[in-house]
2 protein chains.
Amino acid sequence: MPYIAPVLTVDSVIFQLVDNELCVLLVRRSHAPFKGHLALPGGYNAQGETTSECMERILHTKAGVMPNDLRLIEQLYTFDTIARDPRGHAVSVTYMGLGKDIIPTENTRTESPGFYPVTALPDVAYDHADIIGYAHQRLAAKITYTNAIYAMLDTYFTLTQLQIAYEAVFGKELDKRNFRKKFLSLDLVRATEEYRRDGAHRPARLYTFKQQKLQTLLRSFD
Amino acid sequence: MPYIAPVLTVDSVIFQLVDNELCVLLVRRSHAPFKGHLALPGGYNAQGETTSECMERILHTKAGVMPNDLRLIEQLYTFDTIARDPRGHAVSVTYMGLGKDIIPTENTRTESPGFYPVTALPDVAYDHADIIGYAHQRLAAKITYTNAIYAMLDTYFTLTQLQIAYEAVFGKELDKRNFRKKFLSLDLVRATEEYRRDGAHRPARLYTFKQQKLQTLLRSFD
DNA sequence: ACAAAAGTGTTAAGAATACACCCATGT
DNA sequence: ACATGGGTGTATTCTTAACACTTTTGT
């Protein structure tokens, strides 16, 4: 009997902060099933293409997001999923990515790709709400034991911006003094001599991560 | 153009303790490629079968390991891997499982399935040494923030056995007094009135996990 | 002068670490 | 009686958590 592989798809959960809120990239499907519904950008992975290549291709063609827009990307989980495909059972490899100031672009394949708040998520197709929830959990865990948050901030940022980023992912408020003391003690960031002034108040010192790549923390955060 | 899916395979990393050592289930391949080499039990996932079903089928047919032998199983990672298949690029979904006193059985598909020590790992086929390393890391992390260790112990066990299990996974020794104080404070185990006597020394009290299913710890361990 | 966000320190409670001896048993 | 592994406590250091006022700026 000939071997026939299951349908393989790749879906991506791309997070970024918009107005201090954690948001996820969704596209409006232009074909059945779930035509007209919002969904994670995803599509078929064909023979000869790695899942990682497939993820980049789909983000590009369906959301106008370029590989360089993602400051951090990692594989999330592989779901045996109800197929989007009439052939039945399919397998979906998912990725989670983080970025800052990504601007999705209109294209011929999908409509209105954009970032939607994770709290107050609109209706999404398939089991994508579950996948987004899973990714959110993973992200929250990730920023407690790594410096992954760098991928959601500008290169130079204030400690308040950093704290807001943590609060947006955790979905809870943190104590300012304890947050600063703890984070600075982790030796991940370097204070610059630059300040950001934006309004009728004291300017804020800018910091930068010593390493713009994933590191595990000595003590876990929060 | 017709859609042709990549080859999909499933490989499993099954750990158990043998003589206080962390060991992994390997089988000797009876076909090319890597004929005669040790490898993780794995095989093709065909259309209509979930990866989880496939994992159970392969463990059964290639190693004589039954689903019930595994006290804990979870998906590990999906590798875009050098194919075992002449058709080229393939995708391999991997699972990590834990058990206690599993006895692999000879079968017609593979030779001498058995548990081999993770330190002092023999030569294994493909990139399976990397996969085993990845699984080992994940397991070590898992037992620090969950009660997953229950899956590698008898239902009733002594605190020394528990400590040895942790030491085997971490690959380092722990302080007996601190280990007990900390672990008991986590409120995961219940002391029984039973004792185990085995030799010329004081009998050891038997404990049991309050829950034989995965729980996250309030404070992470070690 | 006032409004707004930046910045800063102390105390108390809990957790982690280091460390050495007595206990119960089988032979 | 001795060898073997089981079992226990304290002191010190570090980490966490709770908590409020002063500083610098723009208008």
# chains A, B, ... in the order shown; residues from 1 in each chain; ligands from 1
>>> interface_residues(of="chain A", to="chain B", cutoff="6 Å", atoms="only C-alpha atoms", output="list in words")
Ile4, Ala5, Pro6, Val7, Ala46, Gln47, Gly48 and His89 of chain A
>>> interface_residues(of="chain A", to="chain C", cutoff="12 Å", atoms="only C-alpha atoms (C1' of nucleotides)", output="VMD selection string")
chain A and resid 158 to 161 176 to 178 180 to 181 195 to 206
>>> write_last_selection(atoms="N, CA and C atoms", output="tab-separated table (two decimals), in the first residue's frame")
chain	number	residue	atom	x	y	z
A	158	THR	N	12.32	53.07	28.06
A	158	THR	CA	12.34	53.49	29.45
A	158	THR	C	11.91	52.32	30.33
A	159	LEU	N	12.24	52.40	31.60
A	159	LEU	CA	11.84	51.32	32.50
A	159	LEU	C	10.33	51.24	32.62
A	160	THR	N	9.67	52.37	32.47
A	160	THR	CA	8.22	52.34	32.50
A	160	THR	C	7.66	51.58	31.31
A	161	GLN	N	8.26	51.81	30.14
A	161	GLN	CA	7.81	51.05	28.96
A	161	GLN	C	8.03	49.56	29.16
A	176	LYS	N	6.02	49.36	41.01
A	176	LYS	CA	7.09	50.02	40.27
A	176	LYS	C	8.46	49.86	40.92
A	177	ARG	N	8.52	50.07	42.23
A	177	ARG	CA	9.84	50.01	42.89
A	177	ARG	C	10.40	48.60	42.88
A	178	ASN	N	9.55	47.63	43.18
A	178	ASN	CA	10.03	46.25	43.18
A	178	ASN	C	10.41	45.79	41.77
A	180	ARG	N	11.57	47.57	39.29
A	180	ARG	CA	12.86	48.14	38.86
A	180	ARG	C	14.02	47.49	39.58
A	181	LYS	N	13.85	47.35	40.88
A	181	LYS	CA	14.93	46.76	41.67
A	181	LYS	C	15.25	45.35	41.15
A	195	TYR	N	17.86	60.49	27.43
A	195	TYR	CA	16.58	60.60	28.12
A	195	TYR	C	15.49	60.80	27.10
A	196	ARG	N	14.34	60.33	27.44
A	196	ARG	CA	13.19	60.56	26.59
A	196	ARG	C	12.31	61.60	27.26
A	197	ARG	N	12.00	62.68	26.55
A	197	ARG	CA	11.07	63.68	27.09
A	197	ARG	C	9.80	63.61	26.26
A	198	ASP	N	8.69	63.48	26.95
A	198	ASP	CA	7.43	63.43	26.23
A	198	ASP	C	6.32	63.92	27.13
A	199	GLY	N	6.32	65.20	27.34
A	199	GLY	CA	5.21	65.75	28.09
A	199	GLY	C	5.68	66.52	29.30
A	200	ALA	N	4.73	66.99	30.04
A	200	ALA	CA	4.99	67.89	31.15
A	200	ALA	C	5.40	67.12	32.38
A	201	HIS	N	6.52	66.45	32.28
A	201	HIS	CA	7.01	65.71	33.44
A	201	HIS	C	8.48	65.38	33.25
A	202	ARG	N	9.04	64.89	34.29
A	202	ARG	CA	10.47	64.58	34.31
A	202	ARG	C	10.83	63.59	33.18
A	203	PRO	N	11.92	63.84	32.46
A	203	PRO	CA	12.31	62.93	31.38
A	203	PRO	C	12.76	61.58	31.94
A	204	ALA	N	12.59	60.55	31.13
A	204	ALA	CA	12.91	59.19	31.59
A	204	ALA	C	14.18	58.70	30.94
A	205	ARG	N	15.02	58.10	31.74
A	205	ARG	CA	16.28	57.58	31.23
A	205	ARG	C	16.00	56.40	30.30
A	206	LEU	N	16.79	56.32	29.24
A	206	LEU	CA	16.65	55.21	28.29
A	206	LEU	C	17.62	54.09	28.63
>>> atom_distance(atom1="CA of Ile164 in chain A", atom2="CA of Glu21 in chain A")
8.8 Å
>>> select_by_dssp(residues="range 32-152 of chain B", states="strand (DSSP E or B)", output="JSON list (two decimals) with N, CA and C atoms, in the first residue's frame")
[["chain", "number", "residue", "atom", "x", "y", "z"],
["B", 38, "LEU", "N", 21.28, 1.81, 16.55],
["B", 38, "LEU", "CA", 20.25, 2.13, 17.53],
["B", 38, "LEU", "C", 19.60, 3.46, 17.16],
["B", 39, "ALA", "N", 18.31, 3.57, 17.44],
["B", 39, "ALA", "CA", 17.58, 4.80, 17.13],
["B", 39, "ALA", "C", 16.37, 4.89, 18.04],
["B", 42, "GLY", "N", 10.48, 5.02, 15.95],
["B", 42, "GLY", "CA", 9.78, 6.01, 15.13],
["B", 42, "GLY", "C", 9.32, 5.39, 13.84],
["B", 43, "GLY", "N", 8.48, 6.13, 13.12],
["B", 43, "GLY", "CA", 8.03, 5.61, 11.84],
["B", 43, "GLY", "C", 7.09, 6.59, 11.17],
["B", 44, "TYR", "N", 6.55, 6.16, 10.06],
["B", 44, "TYR", "CA", 5.73, 7.04, 9.25],
["B", 44, "TYR", "C", 4.35, 7.27, 9.85],
["B", 70, "LEU", "N", 2.96, 4.06, 29.78],
["B", 70, "LEU", "CA", 3.43, 5.44, 29.89],
["B", 70, "LEU", "C", 2.58, 6.20, 30.88],
["B", 71, "ARG", "N", 3.18, 6.60, 31.98],
["B", 71, "ARG", "CA", 2.43, 7.29, 33.02],
["B", 71, "ARG", "C", 2.27, 8.76, 32.66],
["B", 72, "LEU", "N", 3.08, 9.24, 31.73],
["B", 72, "LEU", "CA", 2.98, 10.63, 31.29],
["B", 72, "LEU", "C", 3.54, 10.71, 29.88],
["B", 73, "ILE", "N", 2.83, 11.40, 29.01],
["B", 73, "ILE", "CA", 3.33, 11.55, 27.64],
["B", 73, "ILE", "C", 2.97, 12.94, 27.17],
["B", 74, "GLU", "N", 3.90, 13.61, 26.50],
["B", 74, "GLU", "CA", 3.56, 14.92, 25.95],
["B", 74, "GLU", "C", 4.35, 15.15, 24.68],
["B", 75, "GLN", "N", 3.83, 16.02, 23.87],
["B", 75, "GLN", "CA", 4.53, 16.34, 22.64],
["B", 75, "GLN", "C", 5.76, 17.15, 22.97],
["B", 76, "LEU", "N", 6.84, 16.87, 22.26],
["B", 76, "LEU", "CA", 8.11, 17.50, 22.58],
["B", 76, "LEU", "C", 8.42, 18.65, 21.63],
["B", 77, "TYR", "N", 8.53, 18.35, 20.37],
["B", 77, "TYR", "CA", 8.93, 19.34, 19.37],
["B", 77, "TYR", "C", 8.74, 18.71, 18.01],
["B", 78, "THR", "N", 8.66, 19.55, 17.00],
["B", 78, "THR", "CA", 8.57, 19.04, 15.64],
["B", 78, "THR", "C", 9.80, 19.46, 14.87],
["B", 79, "PHE", "N", 10.52, 18.48, 14.39],
["B", 79, "PHE", "CA", 11.78, 18.74, 13.70],
["B", 79, "PHE", "C", 11.59, 18.64, 12.20],
["B", 80, "ASP", "N", 12.16, 19.62, 11.50],
["B", 80, "ASP", "CA", 12.32, 19.49, 10.05],
["B", 80, "ASP", "C", 13.63, 18.76, 9.92],
["B", 81, "THR", "N", 13.53, 17.55, 9.51],
["B", 81, "THR", "CA", 14.67, 16.67, 9.72],
["B", 81, "THR", "C", 15.17, 16.13, 8.39],
["B", 90, "ALA", "N", 11.72, 15.75, 5.33],
["B", 90, "ALA", "CA", 10.60, 15.18, 6.07],
["B", 90, "ALA", "C", 10.40, 15.96, 7.35],
["B", 91, "VAL", "N", 9.26, 15.79, 7.94],
["B", 91, "VAL", "CA", 8.92, 16.48, 9.18],
["B", 91, "VAL", "C", 8.65, 15.42, 10.24],
["B", 92, "SER", "N", 9.29, 15.58, 11.39],
["B", 92, "SER", "CA", 9.15, 14.58, 12.44],
["B", 92, "SER", "C", 8.57, 15.20, 13.70],
["B", 93, "VAL", "N", 7.41, 14.72, 14.10],
["B", 93, "VAL", "CA", 6.80, 15.14, 15.37],
["B", 93, "VAL", "C", 7.33, 14.21, 16.45],
["B", 94, "THR", "N", 7.84, 14.79, 17.54],
["B", 94, "THR", "CA", 8.40, 13.94, 18.60],
["B", 94, "THR", "C", 7.57, 14.05, 19.87],
["B", 95, "TYR", "N", 7.54, 12.94, 20.60],
["B", 95, "TYR", "CA", 6.86, 12.88, 21.89],
["B", 95, "TYR", "C", 7.87, 12.49, 22.96],
["B", 96, "MET", "N", 7.59, 12.93, 24.18],
["B", 96, "MET", "CA", 8.40, 12.50, 25.33],
["B", 96, "MET", "C", 7.48, 11.77, 26.30],
["B", 97, "GLY", "N", 7.89, 10.58, 26.74],
["B", 97, "GLY", "CA", 7.07, 9.82, 27.67],
["B", 97, "GLY", "C", 7.88, 9.35, 28.86],
["B", 98, "LEU", "N", 7.19, 9.11, 29.96],
["B", 98, "LEU", "CA", 7.83, 8.64, 31.18],
["B", 98, "LEU", "C", 7.11, 7.41, 31.69],
["B", 99, "GLY", "N", 7.88, 6.50, 32.24],
["B", 99, "GLY", "CA", 7.26, 5.29, 32.80],
["B", 99, "GLY", "C", 8.14, 4.71, 33.89],
["B", 111, "GLU", "N", 15.10, -5.05, 16.47],
["B", 111, "GLU", "CA", 15.82, -5.97, 17.34],
["B", 111, "GLU", "C", 16.10, -5.30, 18.67],
["B", 112, "SER", "N", 16.15, -6.11, 19.67],
["B", 112, "SER", "CA", 16.62, -5.73, 20.99],
["B", 112, "SER", "C", 16.21, -4.33, 21.43],
["B", 113, "PRO", "N", 14.90, -4.06, 21.48],
["B", 113, "PRO", "CA", 14.52, -2.79, 22.06],
["B", 113, "PRO", "C", 14.91, -2.80, 23.53],
["B", 114, "GLY", "N", 15.40, -1.67, 24.02],
["B", 114, "GLY", "CA", 15.83, -1.66, 25.42],
["B", 114, "GLY", "C", 16.12, -0.25, 25.90],
["B", 115, "PHE", "N", 16.36, -0.15, 27.20],
["B", 115, "PHE", "CA", 16.64, 1.16, 27.80],
["B", 115, "PHE", "C", 18.14, 1.32, 27.99],
["B", 116, "TYR", "N", 18.65, 2.43, 27.49],
["B", 116, "TYR", "CA", 20.08, 2.71, 27.52],
["B", 116, "TYR", "C", 20.33, 3.98, 28.31],
["B", 117, "PRO", "N", 21.39, 4.00, 29.12],
["B", 117, "PRO", "CA", 21.67, 5.17, 29.97],
["B", 117, "PRO", "C", 21.89, 6.43, 29.13],
["B", 124, "VAL", "N", 23.75, 6.74, 18.13],
["B", 124, "VAL", "CA", 22.38, 6.57, 17.65],
["B", 124, "VAL", "C", 22.25, 7.20, 16.27],
["B", 146, "THR", "N", 6.78, 21.15, 37.93],
["B", 146, "THR", "CA", 5.60, 20.30, 38.06],
["B", 146, "THR", "C", 5.95, 19.07, 38.90]]
>>> atom_distance(atom1="CA of Arg28 in chain B", atom2="CA of Ile82 in chain B")
18.9 Å
>>> interface_residues(of="chain D", to="chain B", cutoff="7 Å", atoms="only C-alpha atoms (C1' of nucleotides)", output="PyMOL selection string")
chain D and resi 4-6
>>> atom_distance(atom1="CA of Arg84 in chain B", atom2="CA of Val10 in chain B")
11.6 Å
>>> residues_around(residues="Ala125 in chain B", least_positions_apart="5", cutoff="9 Å", atoms="only C-alpha atoms (C1' of nucleotides)", output="PDB file with C-alpha atoms, in the first residue's frame")
ATOM      1  CA  ARG B  29      16.905  -0.597  13.103  1.00  0.00           C
ATOM      2  CA  PRO B  33      18.965   3.726   6.378  1.00  0.00           C
ATOM      3  CA  PHE B  34      21.055   3.203   9.501  1.00  0.00           C
ATOM      4  CA  HIS B  37      22.095   1.227  14.382  1.00  0.00           C
ATOM      5  CA  LEU B  38      20.245   2.129  17.531  1.00  0.00           C
ATOM      6  CA  ALA B  39      17.585   4.795  17.128  1.00  0.00           C
ATOM      7  CA  LEU B  40      14.525   6.233  18.800  1.00  0.00           C
TER       8      LEU B  40
END
>>> select_by_dssp(residues="range 28-205 of chain B", states="helix (DSSP H, G or I)", output="JSON, numbers by chain")
{"B": [51, 52, 53, 54, 55, 56, 57, 58, 59, 60, 61, 62, 63, 67, 68, 69, 128, 129, 130, 131, 132, 133, 134, 135, 136, 137, 138, 139, 140, 141, 142, 143, 144, 145, 148, 149, 150, 151, 152, 159, 160, 161, 162, 163, 164, 165, 166, 167, 168, 169, 170, 176, 177, 178, 179, 180, 181, 182, 183, 184, 185]}
>>> write_last_selection(atoms="C-alpha atoms", output="short mmCIF file (atom, residue, chain, number, x, y, z; two decimals), in the first residue's frame")
data_model
loop_
_atom_site.label_atom_id
_atom_site.label_comp_id
_atom_site.auth_asym_id
_atom_site.auth_seq_id
_atom_site.Cartn_x
_atom_site.Cartn_y
_atom_site.Cartn_z
CA THR B 51 0.33 11.82 15.57
CA SER B 52 -0.68 10.59 19.00
CA GLU B 53 -2.24 7.42 17.60
CA CYS B 54 0.82 6.95 15.45
CA MET B 55 3.11 7.28 18.47
CA GLU B 56 1.17 4.59 20.32
CA ARG B 57 1.12 2.28 17.33
CA ILE B 58 4.85 2.58 16.77
CA LEU B 59 5.74 2.06 20.42
CA HIS B 60 3.58 -1.02 20.41
CA THR B 61 4.75 -2.57 17.18
CA LYS B 62 8.41 -1.62 17.37
CA ALA B 63 9.13 -1.84 21.07
CA PRO B 67 0.01 3.03 25.94
CA ASN B 68 -0.70 2.19 29.59
CA ASP B 69 2.99 1.71 30.29
CA HIS B 128 18.56 11.39 17.57
CA ALA B 129 21.30 12.24 20.07
CA ASP B 130 20.24 15.89 19.76
CA ILE B 131 16.60 15.00 20.20
CA ILE B 132 17.40 12.98 23.30
CA GLY B 133 19.42 15.90 24.66
CA TYR B 134 16.53 18.25 24.02
CA ALA B 135 14.10 15.89 25.73
CA HIS B 136 16.42 15.51 28.71
CA GLN B 137 16.60 19.28 29.13
CA ARG B 138 12.85 19.53 28.90
CA LEU B 139 12.39 16.79 31.46
CA ALA B 140 14.78 18.48 33.89
CA ALA B 141 12.82 21.73 33.49
CA LYS B 142 9.52 19.91 33.84
CA ILE B 143 10.32 18.32 37.18
CA THR B 144 11.34 21.68 38.60
CA TYR B 145 7.95 23.29 38.09
CA ALA B 148 6.03 15.08 36.71
CA ILE B 149 8.47 12.93 38.65
CA TYR B 150 5.54 10.83 39.86
CA ALA B 151 5.54 9.16 36.45
CA MET B 152 9.00 7.71 37.07
CA LEU B 159 11.93 10.00 50.05
CA THR B 160 15.34 8.63 49.22
CA GLN B 161 13.98 7.06 46.04
CA LEU B 162 12.38 10.38 45.19
CA GLN B 163 15.62 12.21 45.76
CA ILE B 164 17.55 9.70 43.66
CA ALA B 165 15.07 10.20 40.82
CA TYR B 166 15.66 13.95 40.90
CA GLU B 167 19.39 13.45 41.06
CA ALA B 168 19.32 11.07 38.10
CA VAL B 169 17.50 13.60 35.94
CA PHE B 170 19.46 16.63 37.10
CA LYS B 176 19.18 15.34 51.84
CA ARG B 177 17.85 17.60 54.57
CA ASN B 178 17.11 20.53 52.28
CA PHE B 179 15.57 18.27 49.67
CA ARG B 180 13.12 16.77 52.14
CA LYS B 181 12.20 20.05 53.78
CA LYS B 182 11.55 21.72 50.45
CA PHE B 183 9.71 18.86 48.83
CA LEU B 184 7.45 18.21 51.79
CA SER B 185 6.62 21.90 51.97
#
>>> closest_residue(among="B:Asn147, B:Asp154, B:Lys100, B:Leu17", to="Lys210 in chain B", atoms="only C-alpha atoms")
B:Asn147
>>> closest_residue(among="B:Ala32, B:Ile103, B:Leu174, B:Ile14", to="Pro86 in chain B", atoms="only C-alpha atoms")
B:Ala32
>>> decode(residues="chain C", atoms="C-alpha atoms (C1' of nucleotides)", output="mmCIF file, in the first residue's frame")
data_model
loop_
_atom_site.group_PDB
_atom_site.id
_atom_site.type_symbol
_atom_site.label_atom_id
_atom_site.label_comp_id
_atom_site.auth_asym_id
_atom_site.auth_seq_id
_atom_site.Cartn_x
_atom_site.Cartn_y
_atom_site.Cartn_z
ATOM 1 C "C1'" DA C 1 1.802 76.929 40.731
ATOM 2 C "C1'" DC C 2 0.201 72.861 39.205
ATOM 3 C "C1'" DA C 3 -0.178 68.506 36.879
ATOM 4 C "C1'" DA C 4 2.120 64.488 35.344
ATOM 5 C "C1'" DA C 5 5.220 60.839 35.170
ATOM 6 C "C1'" DA C 6 10.172 59.604 36.893
ATOM 7 C "C1'" DG C 7 12.728 58.125 40.348
ATOM 8 C "C1'" DT C 8 14.109 56.277 44.921
ATOM 9 C "C1'" DG C 9 14.795 52.991 50.207
ATOM 10 C "C1'" DT C 10 13.423 50.514 54.292
ATOM 11 C "C1'" DT C 11 11.395 46.980 56.846
ATOM 12 C "C1'" DA C 12 9.491 42.450 57.620
ATOM 13 C "C1'" DA C 13 8.568 37.825 56.257
ATOM 14 C "C1'" DG C 14 9.727 33.893 53.770
ATOM 15 C "C1'" DA C 15 12.975 30.906 51.220
ATOM 16 C "C1'" DA C 16 17.464 28.994 50.241
ATOM 17 C "C1'" DT C 17 21.771 27.245 51.768
ATOM 18 C "C1'" DA C 18 25.219 25.102 54.528
ATOM 19 C "C1'" DC C 19 26.122 21.786 57.653
ATOM 20 C "C1'" DA C 20 26.583 16.834 61.446
ATOM 21 C "C1'" DC C 21 24.690 13.714 64.315
ATOM 22 C "C1'" DC C 22 21.380 10.088 66.261
ATOM 23 C "C1'" DC C 23 18.016 6.144 64.931
ATOM 24 C "C1'" DA C 24 16.382 1.561 63.657
ATOM 25 C "C1'" DT C 25 17.459 -2.421 61.595
ATOM 26 C "C1'" DG C 26 19.915 -7.080 59.886
ATOM 27 C "C1'" DT C 27 23.757 -9.820 60.343
#
